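Have a look at target17.csv below; it lists CSV, C-alpha atoms.
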```csv
chain,number,residue,atom,x,y,z
A,8,MET,CA,1.3,5.5,-19.9
A,9,TRP,CA,-0.7,5.7,-16.7
A,10,VAL,CA,-4.3,6.7,-16.3
A,11,TYR,CA,-5.3,8.2,-12.9
A,12,GLU,CA,-8.2,6.7,-11.0
A,13,LYS,CA,-10.1,9.1,-8.9
A,14,LYS,CA,-10.3,7.0,-5.8
A,15,LEU,CA,-8.0,5.7,-3.0
A,16,GLN,CA,-7.0,2.0,-2.9
A,17,TYR,CA,-8.3,1.9,0.7
A,18,PRO,CA,-10.6,4.1,2.7
A,19,VAL,CA,-8.2,6.3,4.7
A,20,ARG,CA,-9.5,7.7,8.0
A,21,VAL,CA,-7.8,9.6,10.8
A,22,SER,CA,-9.7,10.5,13.9
A,23,LYS,CA,-7.9,13.6,15.1
A,24,CYS,CA,-5.8,16.6,14.0
A,25,ASP,CA,-2.3,15.3,14.8
A,26,PRO,CA,0.8,17.1,13.2
A,27,ARG,CA,3.1,14.9,15.3
A,28,MET,CA,2.0,11.7,13.5
A,29,ALA,CA,2.1,13.6,10.2
A,30,LYS,CA,5.7,14.3,10.8
A,31,TYR,CA,6.5,10.7,11.5
A,32,LEU,CA,4.5,9.5,8.4
A,33,LEU,CA,6.9,11.5,6.3
A,34,GLU,CA,9.3,8.6,6.7
A,35,GLN,CA,7.0,6.6,4.4
A,36,TYR,CA,6.4,9.5,2.1
A,37,GLY,CA,10.0,10.7,1.3
A,38,GLY,CA,12.1,8.3,3.3
A,39,ALA,CA,14.6,5.7,2.1
A,40,ASP,CA,12.2,2.8,2.5
A,41,GLY,CA,9.1,4.8,1.7
A,42,GLU,CA,6.5,4.5,-1.0
A,43,LEU,CA,8.1,7.0,-3.3
A,44,SER,CA,11.3,5.1,-3.2
A,45,ALA,CA,9.4,1.8,-3.8
A,46,ALA,CA,7.5,3.0,-6.8
A,47,LEU,CA,10.4,4.6,-8.5
A,48,ARG,CA,12.7,1.7,-7.7
A,49,TYR,CA,10.5,-1.0,-9.2
A,50,LEU,CA,9.3,1.0,-12.2
A,51,ASN,CA,12.9,1.8,-13.0
A,52,GLN,CA,14.3,-1.7,-12.6
A,53,ARG,CA,11.6,-3.2,-14.9
A,54,TYR,CA,13.3,-2.0,-18.1
A,55,THR,CA,16.2,-4.4,-17.7
A,56,ILE,CA,14.8,-7.3,-15.6
A,57,PRO,CA,14.1,-10.6,-17.5
A,58,ASP,CA,10.8,-10.6,-19.3
A,59,LYS,CA,9.2,-13.2,-17.0
A,60,VAL,CA,9.1,-10.8,-14.1
A,61,ILE,CA,8.6,-7.4,-15.8
A,62,GLY,CA,4.9,-7.6,-15.3
A,63,LEU,CA,5.3,-8.1,-11.6
A,64,LEU,CA,7.6,-5.1,-11.1
A,65,ASN,CA,5.4,-3.0,-13.3
A,66,ASP,CA,2.3,-3.9,-11.3
A,67,ILE,CA,3.8,-3.6,-7.8
A,68,GLY,CA,5.4,-0.3,-8.8
A,69,THR,CA,2.0,0.9,-9.8
A,70,GLU,CA,0.4,-0.2,-6.6
A,71,GLU,CA,3.1,1.7,-4.7
A,72,PHE,CA,1.8,4.9,-6.2
A,73,ALA,CA,-1.6,4.1,-4.7
A,74,HIS,CA,0.1,3.7,-1.4
A,75,LEU,CA,2.0,7.0,-1.8
A,76,GLU,CA,-1.4,8.6,-2.3
A,77,MET,CA,-2.7,7.0,0.9
A,78,ILE,CA,0.2,8.2,2.9
A,79,ALA,CA,-0.2,11.7,1.4
A,80,THR,CA,-3.9,11.6,2.3
A,81,MET,CA,-3.0,10.7,5.9
A,82,ILE,CA,-0.5,13.5,6.2
A,83,TYR,CA,-2.9,15.9,4.6
A,84,LYS,CA,-5.8,15.0,6.9
A,85,LEU,CA,-3.6,15.0,10.0
A,86,THR,CA,-2.4,18.6,9.4
A,87,LYS,CA,-5.3,20.1,7.5
A,88,ASP,CA,-6.5,23.2,9.5
A,89,ALA,CA,-3.8,22.7,12.1
A,90,THR,CA,-2.8,26.1,13.5
A,91,VAL,CA,0.8,27.4,13.3
A,92,GLU,CA,1.0,27.0,17.1
A,93,GLN,CA,0.0,23.3,16.7
A,94,MET,CA,2.4,22.7,13.9
A,95,ASP,CA,5.2,24.4,15.9
A,96,ALA,CA,4.4,22.6,19.2
A,97,GLN,CA,4.3,19.2,17.6
A,98,GLY,CA,7.6,19.4,15.8
A,99,LEU,CA,6.7,20.8,12.5
A,100,GLY,CA,7.9,24.4,13.0
A,101,GLU,CA,10.9,24.0,10.8
A,102,TYR,CA,8.8,22.2,8.2
A,103,TYR,CA,6.2,25.0,8.3
A,104,VAL,CA,8.7,27.8,7.6
A,105,ALA,CA,9.8,26.0,4.5
A,106,HIS,CA,6.5,24.4,3.3
A,107,ASP,CA,3.5,25.8,5.2
A,108,HIS,CA,1.0,22.9,5.0
A,109,ALA,CA,2.3,21.6,1.6
A,110,LEU,CA,3.6,18.1,1.3
A,111,PHE,CA,7.3,17.7,0.7
A,112,TYR,CA,9.4,14.6,-0.2
A,113,GLN,CA,11.5,14.3,2.9
A,114,ASN,CA,11.8,11.8,5.7
A,115,ALA,CA,10.6,12.2,9.3
A,116,ALA,CA,14.0,13.9,10.2
A,117,GLY,CA,13.7,16.4,7.4
A,118,VAL,CA,16.2,14.9,5.0
A,119,PRO,CA,15.0,15.4,1.4
A,120,TRP,CA,14.4,12.4,-0.8
A,121,THR,CA,17.3,11.3,-2.9
A,122,ALA,CA,17.8,8.9,-5.7
A,123,ALA,CA,20.7,7.4,-3.7
A,124,TYR,CA,17.9,5.5,-1.8
A,125,ILE,CA,17.2,3.3,-4.8
A,126,GLN,CA,19.4,1.0,-6.8
A,127,ALA,CA,19.2,-0.5,-10.3
A,128,LYS,CA,22.2,-2.9,-10.5
A,129,GLY,CA,21.1,-4.6,-13.7
A,130,ASP,CA,21.7,-8.0,-12.1
A,131,PRO,CA,18.2,-9.4,-11.6
A,132,ILE,CA,19.0,-11.3,-8.5
A,133,ALA,CA,20.7,-8.3,-6.9
A,134,ASP,CA,17.7,-6.1,-7.9
A,135,LEU,CA,15.1,-8.5,-6.6
A,136,TYR,CA,17.0,-9.0,-3.3
A,137,GLU,CA,17.0,-5.2,-2.8
A,138,ASP,CA,13.3,-5.2,-3.5
A,139,ILE,CA,12.6,-7.9,-0.9
A,140,ALA,CA,14.7,-6.0,1.6
A,141,ALA,CA,12.9,-2.8,0.8
A,142,GLU,CA,9.5,-4.5,1.5
A,143,GLU,CA,10.7,-5.9,4.8
A,144,LYS,CA,12.1,-2.5,5.9
A,145,ALA,CA,8.9,-0.8,4.9
A,146,ARG,CA,7.0,-3.4,6.9
A,147,ALA,CA,9.1,-2.7,9.9
A,148,THR,CA,8.6,1.1,9.5
A,149,TYR,CA,4.8,0.5,9.4
A,150,GLN,CA,5.1,-1.4,12.6
A,151,TRP,CA,6.9,1.4,14.4
A,152,LEU,CA,4.5,3.9,13.0
A,153,ILE,CA,1.5,1.9,14.3
A,154,ASP,CA,3.3,1.8,17.7
A,155,MET,CA,3.5,5.6,17.8
A,156,THR,CA,-0.2,6.3,17.7
A,157,ASP,CA,-3.4,5.4,19.6
A,158,ASP,CA,-5.6,6.6,16.7
A,159,VAL,CA,-7.3,3.4,15.7
A,160,ASP,CA,-8.5,4.8,12.4
A,161,LEU,CA,-4.9,5.8,11.5
A,162,GLN,CA,-3.7,2.4,12.7
A,163,ASP,CA,-6.2,0.7,10.4
A,164,GLY,CA,-4.8,2.3,7.3
A,165,LEU,CA,-1.2,1.6,8.4
A,166,LYS,CA,-2.1,-2.1,9.1
A,167,PHE,CA,-3.4,-2.4,5.5
A,168,LEU,CA,-0.2,-0.9,4.2
A,169,ARG,CA,1.9,-3.2,6.4
A,170,GLU,CA,0.1,-6.3,5.0
A,171,ARG,CA,0.7,-5.1,1.5
A,172,GLU,CA,4.5,-5.1,2.1
A,173,ILE,CA,4.1,-8.8,3.1
A,174,ILE,CA,2.4,-9.7,-0.1
A,175,HIS,CA,4.9,-7.8,-2.2
A,176,SER,CA,7.8,-9.4,-0.4
A,177,LEU,CA,6.3,-12.9,-1.2
A,178,ARG,CA,5.8,-12.0,-4.9
A,179,PHE,CA,9.4,-10.8,-5.2
A,180,ARG,CA,10.6,-14.0,-3.6
A,181,GLU,CA,8.5,-15.9,-6.0
A,182,ALA,CA,10.1,-13.9,-8.8
A,183,VAL,CA,13.5,-15.1,-7.6
A,184,GLU,CA,12.3,-18.7,-7.7
A,185,ILE,CA,11.0,-18.1,-11.3
A,186,LEU,CA,14.4,-16.8,-12.3
A,187,LYS,CA,16.2,-19.8,-10.7
A,188,ASP,CA,14.1,-22.2,-12.7
A,189,GLU,CA,16.1,-22.9,-15.9
A,190,ARG,CA,13.7,-25.3,-17.5
A,191,ASP,CA,12.3,-22.3,-19.2
A,192,LYS,CA,12.0,-21.9,-22.9
A,193,LYS,CA,14.2,-20.9,-25.6
A,194,THR,CA,13.2,-17.3,-25.6
A,195,PHE,CA,16.1,-16.7,-28.0
A,196,PHE,CA,16.0,-18.1,-31.5
B,23,MET,CA,1.4,-26.6,10.7
B,24,SER,CA,0.8,-23.1,11.8
B,25,HIS,CA,3.7,-20.9,12.3
B,26,PRO,CA,4.1,-18.2,15.0
B,27,GLN,CA,3.4,-14.6,13.9
B,28,GLU,CA,5.8,-13.4,16.5
B,29,ILE,CA,8.9,-14.9,18.1
B,30,ALA,CA,10.2,-14.1,21.6
B,31,TRP,CA,13.7,-13.9,22.8
B,32,TYR,CA,15.3,-13.1,26.1
B,33,PRO,CA,18.2,-10.6,26.0
B,34,PHE,CA,21.0,-10.7,28.5
B,35,ILE,CA,20.3,-8.3,31.3
B,36,GLY,CA,23.3,-6.3,32.4
B,37,PRO,CA,23.7,-5.0,35.9
B,38,CYS,CA,24.5,-1.4,34.8
B,39,ASP,CA,21.6,-0.7,32.4
B,40,PRO,CA,19.6,2.4,33.7
B,41,CYS,CA,16.3,1.7,31.9
B,42,PRO,CA,14.1,-0.9,33.7
B,43,PRO,CA,15.0,-4.1,31.7
B,44,ILE,CA,12.6,-5.6,29.2
B,45,THR,CA,13.2,-9.3,29.8
B,46,CYS,CA,11.2,-10.6,26.8
B,47,LYS,CA,11.6,-9.1,23.4
B,48,THR,CA,9.7,-10.1,20.3
B,49,TYR,CA,9.9,-9.7,16.5
B,50,SER,CA,7.4,-10.2,13.7
B,51,THR,CA,7.5,-13.4,11.7
B,52,PRO,CA,4.7,-12.9,9.1
B,53,PRO,CA,3.3,-16.0,7.3
B,54,HIS,CA,5.1,-15.2,4.0
B,55,LEU,CA,8.4,-16.2,5.6
B,56,PHE,CA,7.1,-19.8,5.7
B,57,MET,CA,5.7,-19.8,2.2
B,58,PRO,CA,8.5,-19.8,-0.4
B,59,PHE,CA,6.0,-20.0,-3.3
B,60,GLN,CA,2.3,-19.5,-2.8
B,61,PRO,CA,0.3,-22.7,-3.6
B,62,LEU,CA,-2.7,-22.7,-5.8
B,63,ASN,CA,-6.3,-22.6,-4.5
B,64,LEU,CA,-5.7,-21.2,-1.0
B,65,PRO,CA,-9.0,-20.3,0.8
B,66,GLN,CA,-10.0,-16.7,0.2
B,67,PHE,CA,-11.6,-13.8,2.2
B,68,SER,CA,-14.8,-12.2,0.8
B,69,PRO,CA,-14.0,-9.0,-1.2
B,70,ARG,CA,-14.8,-6.8,1.7
B,71,ASP,CA,-12.9,-8.8,4.3
B,72,ALA,CA,-9.9,-9.0,1.8
B,73,LEU,CA,-9.9,-5.2,1.6
B,74,MET,CA,-10.1,-4.9,5.4
B,75,HIS,CA,-7.3,-7.4,6.0
B,76,GLY,CA,-5.0,-6.1,3.2
B,77,THR,CA,-4.8,-9.5,1.5
B,78,LEU,CA,-7.1,-12.0,-0.3
B,79,TRP,CA,-5.8,-15.0,1.6
B,80,PRO,CA,-6.3,-15.7,5.3
B,81,ALA,CA,-3.1,-17.8,5.2
B,82,LEU,CA,-1.1,-14.6,4.5
B,83,TYR,CA,-2.8,-12.3,6.9
B,84,SER,CA,-0.5,-11.0,9.6
B,85,PRO,CA,-2.1,-9.1,12.5
B,86,TYR,CA,-0.1,-6.4,14.3
B,87,GLU,CA,-1.1,-4.5,17.4
B,88,SER,CA,0.2,-1.1,18.5
B,89,LYS,CA,2.6,-1.0,21.4
B,90,TRP,CA,1.3,2.5,22.3
B,91,GLY,CA,0.2,2.8,25.9
B,92,LYS,CA,1.3,-0.7,26.8
B,93,GLY,CA,4.6,0.2,28.5
B,94,ARG,CA,6.5,-1.1,25.5
C,26,MET,CA,-16.5,29.8,-6.1
C,27,SER,CA,-19.4,27.5,-6.0
C,28,THR,CA,-20.2,25.6,-2.8
C,29,PRO,CA,-19.2,21.9,-2.8
C,30,GLU,CA,-22.1,19.7,-3.6
C,31,ASN,CA,-22.8,17.6,-0.6
C,32,THR,CA,-24.6,15.0,-2.6
C,33,VAL,CA,-21.2,13.6,-3.3
C,34,CYS,CA,-20.5,12.7,0.3
C,35,ASP,CA,-23.9,11.1,1.2
C,36,PRO,CA,-23.7,7.7,3.0
C,37,GLN,CA,-24.4,5.8,-0.2
C,38,TYR,CA,-21.3,7.4,-1.8
C,39,TYR,CA,-19.1,5.8,0.9
C,40,GLU,CA,-20.9,2.5,0.7
C,41,LEU,CA,-20.6,2.2,-3.1
C,42,LEU,CA,-17.0,3.5,-3.0
C,43,GLU,CA,-16.0,0.9,-0.5
C,44,LYS,CA,-17.7,-1.9,-2.5
C,45,LEU,CA,-15.7,-0.8,-5.5
C,46,GLN,CA,-12.5,-0.6,-3.5
C,47,ALA,CA,-13.1,-4.1,-2.3
C,48,LEU,CA,-13.7,-5.5,-5.8
C,49,ASP,CA,-10.7,-3.7,-7.1
C,50,PHE,CA,-8.6,-4.9,-4.3
C,51,VAL,CA,-9.4,-8.5,-5.1
C,52,LEU,CA,-8.4,-7.8,-8.7
C,53,VAL,CA,-5.1,-6.3,-7.6
C,54,GLU,CA,-4.4,-9.3,-5.5
C,55,LEU,CA,-5.3,-11.8,-8.3
C,56,ASN,CA,-3.3,-9.7,-10.8
C,57,LEU,CA,-0.1,-9.9,-8.7
C,58,PHE,CA,-0.7,-13.5,-8.0
C,59,LEU,CA,-1.2,-14.3,-11.7
C,60,ASP,CA,2.1,-12.4,-12.5
C,61,THR,CA,3.9,-15.2,-10.7
C,62,HIS,CA,1.3,-18.0,-11.4
C,63,PRO,CA,0.4,-17.4,-15.1
C,64,ASP,CA,-0.9,-21.0,-15.6
C,65,ASP,CA,-3.5,-20.9,-12.9
C,66,LEU,CA,-6.7,-21.2,-15.0
C,67,GLN,CA,-9.0,-21.0,-12.0
C,68,SER,CA,-7.6,-17.7,-10.9
C,69,ILE,CA,-7.8,-16.3,-14.4
C,70,GLN,CA,-11.5,-17.3,-14.5
C,71,GLN,CA,-12.1,-15.6,-11.2
C,72,PHE,CA,-10.2,-12.5,-12.5
C,73,ASN,CA,-12.4,-12.3,-15.6
C,74,ILE,CA,-15.6,-12.8,-13.7
C,75,LEU,CA,-14.7,-10.0,-11.2
C,76,THR,CA,-13.5,-7.8,-14.0
C,77,ARG,CA,-17.0,-7.9,-15.5
C,78,GLU,CA,-18.6,-7.3,-12.1
C,79,ARG,CA,-16.2,-4.4,-11.5
C,80,THR,CA,-17.0,-2.8,-14.8
C,81,GLN,CA,-20.7,-2.8,-14.0
C,82,LEU,CA,-20.2,-1.4,-10.5
C,83,ALA,CA,-17.9,1.3,-11.8
C,84,GLU,CA,-20.4,2.3,-14.5
C,85,HIS,CA,-23.1,2.6,-11.8
C,86,PHE,CA,-20.8,4.6,-9.5
C,87,GLN,CA,-19.8,7.0,-12.3
C,88,ARG,CA,-23.4,7.7,-13.3
C,89,LEU,CA,-24.0,8.8,-9.7
C,90,TYR,CA,-20.8,10.5,-8.8
C,91,GLY,CA,-18.9,11.4,-11.9
C,92,PRO,CA,-15.9,9.9,-13.8
C,93,LEU,CA,-13.4,7.7,-12.1
C,94,GLN,CA,-10.9,8.0,-14.9
C,95,ASN,CA,-10.0,10.7,-17.4
C,96,PHE,CA,-8.3,10.7,-20.8
C,97,GLY,CA,-11.3,9.1,-22.5
C,98,ARG,CA,-12.0,6.2,-20.1
C,99,ALA,CA,-15.3,7.8,-19.0
C,100,TYR,CA,-18.0,10.1,-20.4
C,101,SER,CA,-18.6,13.6,-19.1
C,102,LYS,CA,-21.8,15.6,-18.5
C,103,PHE,CA,-21.8,19.4,-18.9
C,104,PRO,CA,-19.9,21.2,-17.5
C,105,TRP,CA,-16.7,19.2,-17.6
C,106,GLN,CA,-17.0,16.8,-14.6
C,107,TRP,CA,-13.5,15.4,-14.3
C,108,SER,CA,-11.9,18.4,-12.6
C,109,GLU,CA,-14.7,18.8,-10.1
C,110,SER,CA,-14.1,18.3,-6.4
C,111,PRO,CA,-13.9,16.2,-4.3
C,112,TRP,CA,-10.6,14.5,-5.0
C,113,PRO,CA,-9.8,11.3,-3.2
C,114,TRP,CA,-7.8,12.8,-0.4
C,115,GLN,CA,-10.6,15.2,0.4
C,116,VAL,CA,-13.5,12.9,1.1
```
Final structure tokens representation of the file:
Amino acid sequence: MWVYEKKLQYPVRVSKCDPRMAKYLLEQYGGADGELSAALRYLNQRYTIPDKVIGLLNDIGTEEFAHLEMIATMIYKLTKDATVEQMDAQGLGEYYVAHDHALFYQNAAGVPWTAAYIQAKGDPIADLYEDIAAEEKARATYQWLIDMTDDVDLQDGLKFLREREIIHSLRFREAVEILKDERDKKTFF
Amino acid sequence: MSHPQEIAWYPFIGPCDPCPPITCKTYSTPPHLFMPFQPLNLPQFSPRDALMHGTLWPALYSPYESKWGKGR
Amino acid sequence: MSTPENTVCDPQYYELLEKLQALDFVLVELNLFLDTHPDDLQSIQQFNILTRERTQLAEHFQRLYGPLQNFGRAYSKFPWQWSESPWPWQV
């Protein structure tokens, strides 16, 4: 089971009301390479991955939920108290008529999240390579998001998340190395 | 043996491209690309600096600056 | 509805919270590292030392600002503290 911890992983700050950036951040909320996809992908793959790397998928998957909460916090703060005129003028008119200020799992272009974004092939190498690719794509998305804003507080949180993608990618590549190493044990009797 | 965090490349500039050409393009090459398996006992940041950098290990820190307002 | 207690958002709140976030972050990093380096005794020792430090800091934080975890991981004063604002995205 999971137990919720009533704090963010990182102190999220934004310095202005900015529905435009909130819209772009949806890419990491309900997009293909976003945090929801990441969390669900790893936590789902862990059931059939070799025992030696279950812990890693479990723990990175759990951290991804903390990142999802950070992105949600950014979107929430960037649109909190924004007027309908602001929402409309900054590209969230269509969003507003469907969701008001509520958060919804869709990407920046409005496409709802789908399980087709994530794979569980059952082949550990195929699954881990997908995970590595997902981390690099998320890192790239964070770069382009950082490029789209001059808000240094928002940039700060996004830079933290970009760095986490790098660490996760490294760990997944280590997991591949662990699975390549055959001088393991006789885990079967 | 420090590796570059960014690598530059110089695209072919065609005579019929309407946008003013960007002659030098770059892409990120964060440190994990050069570390197939993390060695033991790497130097560490203090807890606060680790949080601020997004990693415990300076060797894995990758800075990234916004392109906003820089004409690319 | 009752007005939010602003004691929650005093400067010390942010200071202590960030200290806890920093310690917990190191623990996350060490945890992921140990998932792929299970034989690194030194990292395990560091993990255990920081876990003790974290436990003490979290207890201190919770005495001042209420529970960090629910489902029986932290005590509650009266009335039930868990569902009180603020939530993490609000501070």
Between CA of Thr45 (chain B) and CA of Ala140 (chain A), what distance in Å does the model show, to one decimal? 28.4 Å
Residue neighbourhood Ser108 (chain C), 10 Å, only C-alpha atoms, exclusion window fewer than 5 positions, as a PDB file with C-alpha atoms, in the coordinates of the input:
```
ATOM      1  CA  GLY C  91     -18.900  11.400 -11.900  1.00  0.00           C
ATOM      2  CA  PRO C  92     -15.900   9.900 -13.800  1.00  0.00           C
ATOM      3  CA  ASN C  95     -10.000  10.700 -17.400  1.00  0.00           C
TER       4      ASN C  95
END
```
Tell me, in Å to one decimal, how far CA of Ser101 (chain C) is from CA of Val33 (chain C). 16.0 Å
So the first atom is CA of Val19 (chain A) and the second is CA of Ala115 (chain A); what is the distance between them in Å, to one decimal place?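 Calculated distance between CA of Val19 (chain A) and CA of Ala115 (chain A) is 20.2 Å.
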Once you count only C-alpha atoms, what closest atom pair and distance in Å to one decimal does each residue of chain C within 10 Å of chain B have, with rows by chain and rising residue number, as JSON lines?
```
{"residue": "C:Glu43", "atom": "CA", "partner": "B:Arg70", "partner_atom": "CA", "distance": 8.1}
{"residue": "C:Lys44", "atom": "CA", "partner": "B:Arg70", "partner_atom": "CA", "distance": 7.1}
{"residue": "C:Leu45", "atom": "CA", "partner": "B:Pro69", "partner_atom": "CA", "distance": 9.4}
{"residue": "C:Gln46", "atom": "CA", "partner": "B:Leu73", "partner_atom": "CA", "distance": 7.3}
{"residue": "C:Ala47", "atom": "CA", "partner": "B:Pro69", "partner_atom": "CA", "distance": 5.1}
{"residue": "C:Leu48", "atom": "CA", "partner": "B:Pro69", "partner_atom": "CA", "distance": 5.8}
{"residue": "C:Asp49", "atom": "CA", "partner": "B:Pro69", "partner_atom": "CA", "distance": 8.6}
{"residue": "C:Phe50", "atom": "CA", "partner": "B:Leu73", "partner_atom": "CA", "distance": 6.0}
{"residue": "C:Val51", "atom": "CA", "partner": "B:Pro69", "partner_atom": "CA", "distance": 6.1}
{"residue": "C:Leu52", "atom": "CA", "partner": "B:Pro69", "partner_atom": "CA", "distance": 9.4}
{"residue": "C:Val53", "atom": "CA", "partner": "B:Leu78", "partner_atom": "CA", "distance": 9.5}
{"residue": "C:Glu54", "atom": "CA", "partner": "B:Leu78", "partner_atom": "CA", "distance": 6.5}
{"residue": "C:Leu55", "atom": "CA", "partner": "B:Leu78", "partner_atom": "CA", "distance": 8.2}
{"residue": "C:Phe58", "atom": "CA", "partner": "B:Gln60", "partner_atom": "CA", "distance": 8.5}
{"residue": "C:Thr61", "atom": "CA", "partner": "B:Phe59", "partner_atom": "CA", "distance": 9.1}
{"residue": "C:His62", "atom": "CA", "partner": "B:Leu62", "partner_atom": "CA", "distance": 8.3}
{"residue": "C:Asp65", "atom": "CA", "partner": "B:Leu62", "partner_atom": "CA", "distance": 7.4}
{"residue": "C:Gln67", "atom": "CA", "partner": "B:Asn63", "partner_atom": "CA", "distance": 8.1}
{"residue": "C:Ser68", "atom": "CA", "partner": "B:Asn63", "partner_atom": "CA", "distance": 8.2}
```
Save the residues we just selected, C-alpha atoms, as a short mmCIF file (atom, residue, chain, number, x, y, z; two decimals), keeping the file's coordinate frame?
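The new file out-v8.cif reads:
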```
data_model
loop_
_atom_site.label_atom_id
_atom_site.label_comp_id
_atom_site.auth_asym_id
_atom_site.auth_seq_id
_atom_site.Cartn_x
_atom_site.Cartn_y
_atom_site.Cartn_z
CA GLU C 43 -16.00 0.90 -0.50
CA LYS C 44 -17.70 -1.90 -2.50
CA LEU C 45 -15.70 -0.80 -5.50
CA GLN C 46 -12.50 -0.60 -3.50
CA ALA C 47 -13.10 -4.10 -2.30
CA LEU C 48 -13.70 -5.50 -5.80
CA ASP C 49 -10.70 -3.70 -7.10
CA PHE C 50 -8.60 -4.90 -4.30
CA VAL C 51 -9.40 -8.50 -5.10
CA LEU C 52 -8.40 -7.80 -8.70
CA VAL C 53 -5.10 -6.30 -7.60
CA GLU C 54 -4.40 -9.30 -5.50
CA LEU C 55 -5.30 -11.80 -8.30
CA PHE C 58 -0.70 -13.50 -8.00
CA THR C 61 3.90 -15.20 -10.70
CA HIS C 62 1.30 -18.00 -11.40
CA ASP C 65 -3.50 -20.90 -12.90
CA GLN C 67 -9.00 -21.00 -12.00
CA SER C 68 -7.60 -17.70 -10.90
#
```
Near Cys46 (chain B), counting only C-alpha atoms, which residues have an atom at most 9 Å away, once you skip same-chain residues fewer than 4 positions from it, shown as a list in words?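 Result of the neighbour search: Ala30, Trp31, Tyr32 and Pro33 of chain B.
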Contacts from chain A to chain B, 6 Å maximum, all atoms listed in the file: show me the residue list as a short mmCIF file (atom, residue, chain, number, x, y, z; two decimals) with C-alpha atoms, in the coordinates of the input.
```cif
data_model
loop_
_atom_site.label_atom_id
_atom_site.label_comp_id
_atom_site.auth_asym_id
_atom_site.auth_seq_id
_atom_site.Cartn_x
_atom_site.Cartn_y
_atom_site.Cartn_z
CA ILE A 153 1.50 1.90 14.30
CA ASP A 154 3.30 1.80 17.70
CA MET A 155 3.50 5.60 17.80
CA PHE A 167 -3.40 -2.40 5.50
CA GLU A 170 0.10 -6.30 5.00
CA LEU A 177 6.30 -12.90 -1.20
CA GLU A 181 8.50 -15.90 -6.00
#
```
For chain C, which residues have at least one atom within 6 Å of chain A, if we go by all atoms listed in the file? Write them as a CSV table (one decimal) with C-alpha atoms, in the frame of the given file, please.
```
chain,number,residue,atom,x,y,z
C,60,ASP,CA,2.1,-12.4,-12.5
C,93,LEU,CA,-13.4,7.7,-12.1
C,94,GLN,CA,-10.9,8.0,-14.9
C,113,PRO,CA,-9.8,11.3,-3.2
C,114,TRP,CA,-7.8,12.8,-0.4
```
Name all residues at most 9 Å from Leu99 (chain A) (count only C-alpha atoms; drop same-chain ones fewer than 6 positions away) and give them as an NGL selection string. :A and (26-27 or 29-30 or 91 or 93)
Show which residues sit within 10 Å of Leu82 (chain C), as a VMD selection string. Count all atoms listed in the file, and ignore same-chain residues fewer than 3 positions away. chain C and resid 41 to 42 44 to 45 48 76 to 79 85 to 87
Arg169 (chain A) surroundings by all atoms listed in the file, 8 Å radius, close-in-sequence under 6 positions cut, as a list in words: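 Returned residues: Ala145, Arg146, Tyr149 and Gln150 of chain A.
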Using all atoms listed in the file, which of C:Tyr39, C:Phe96, C:Phe72, C:Phe103 sits nearest Val116 (chain C)?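 Once distances to Val116 (chain C) are computed over all atoms listed in the file, the minimum belongs to C:Tyr39.
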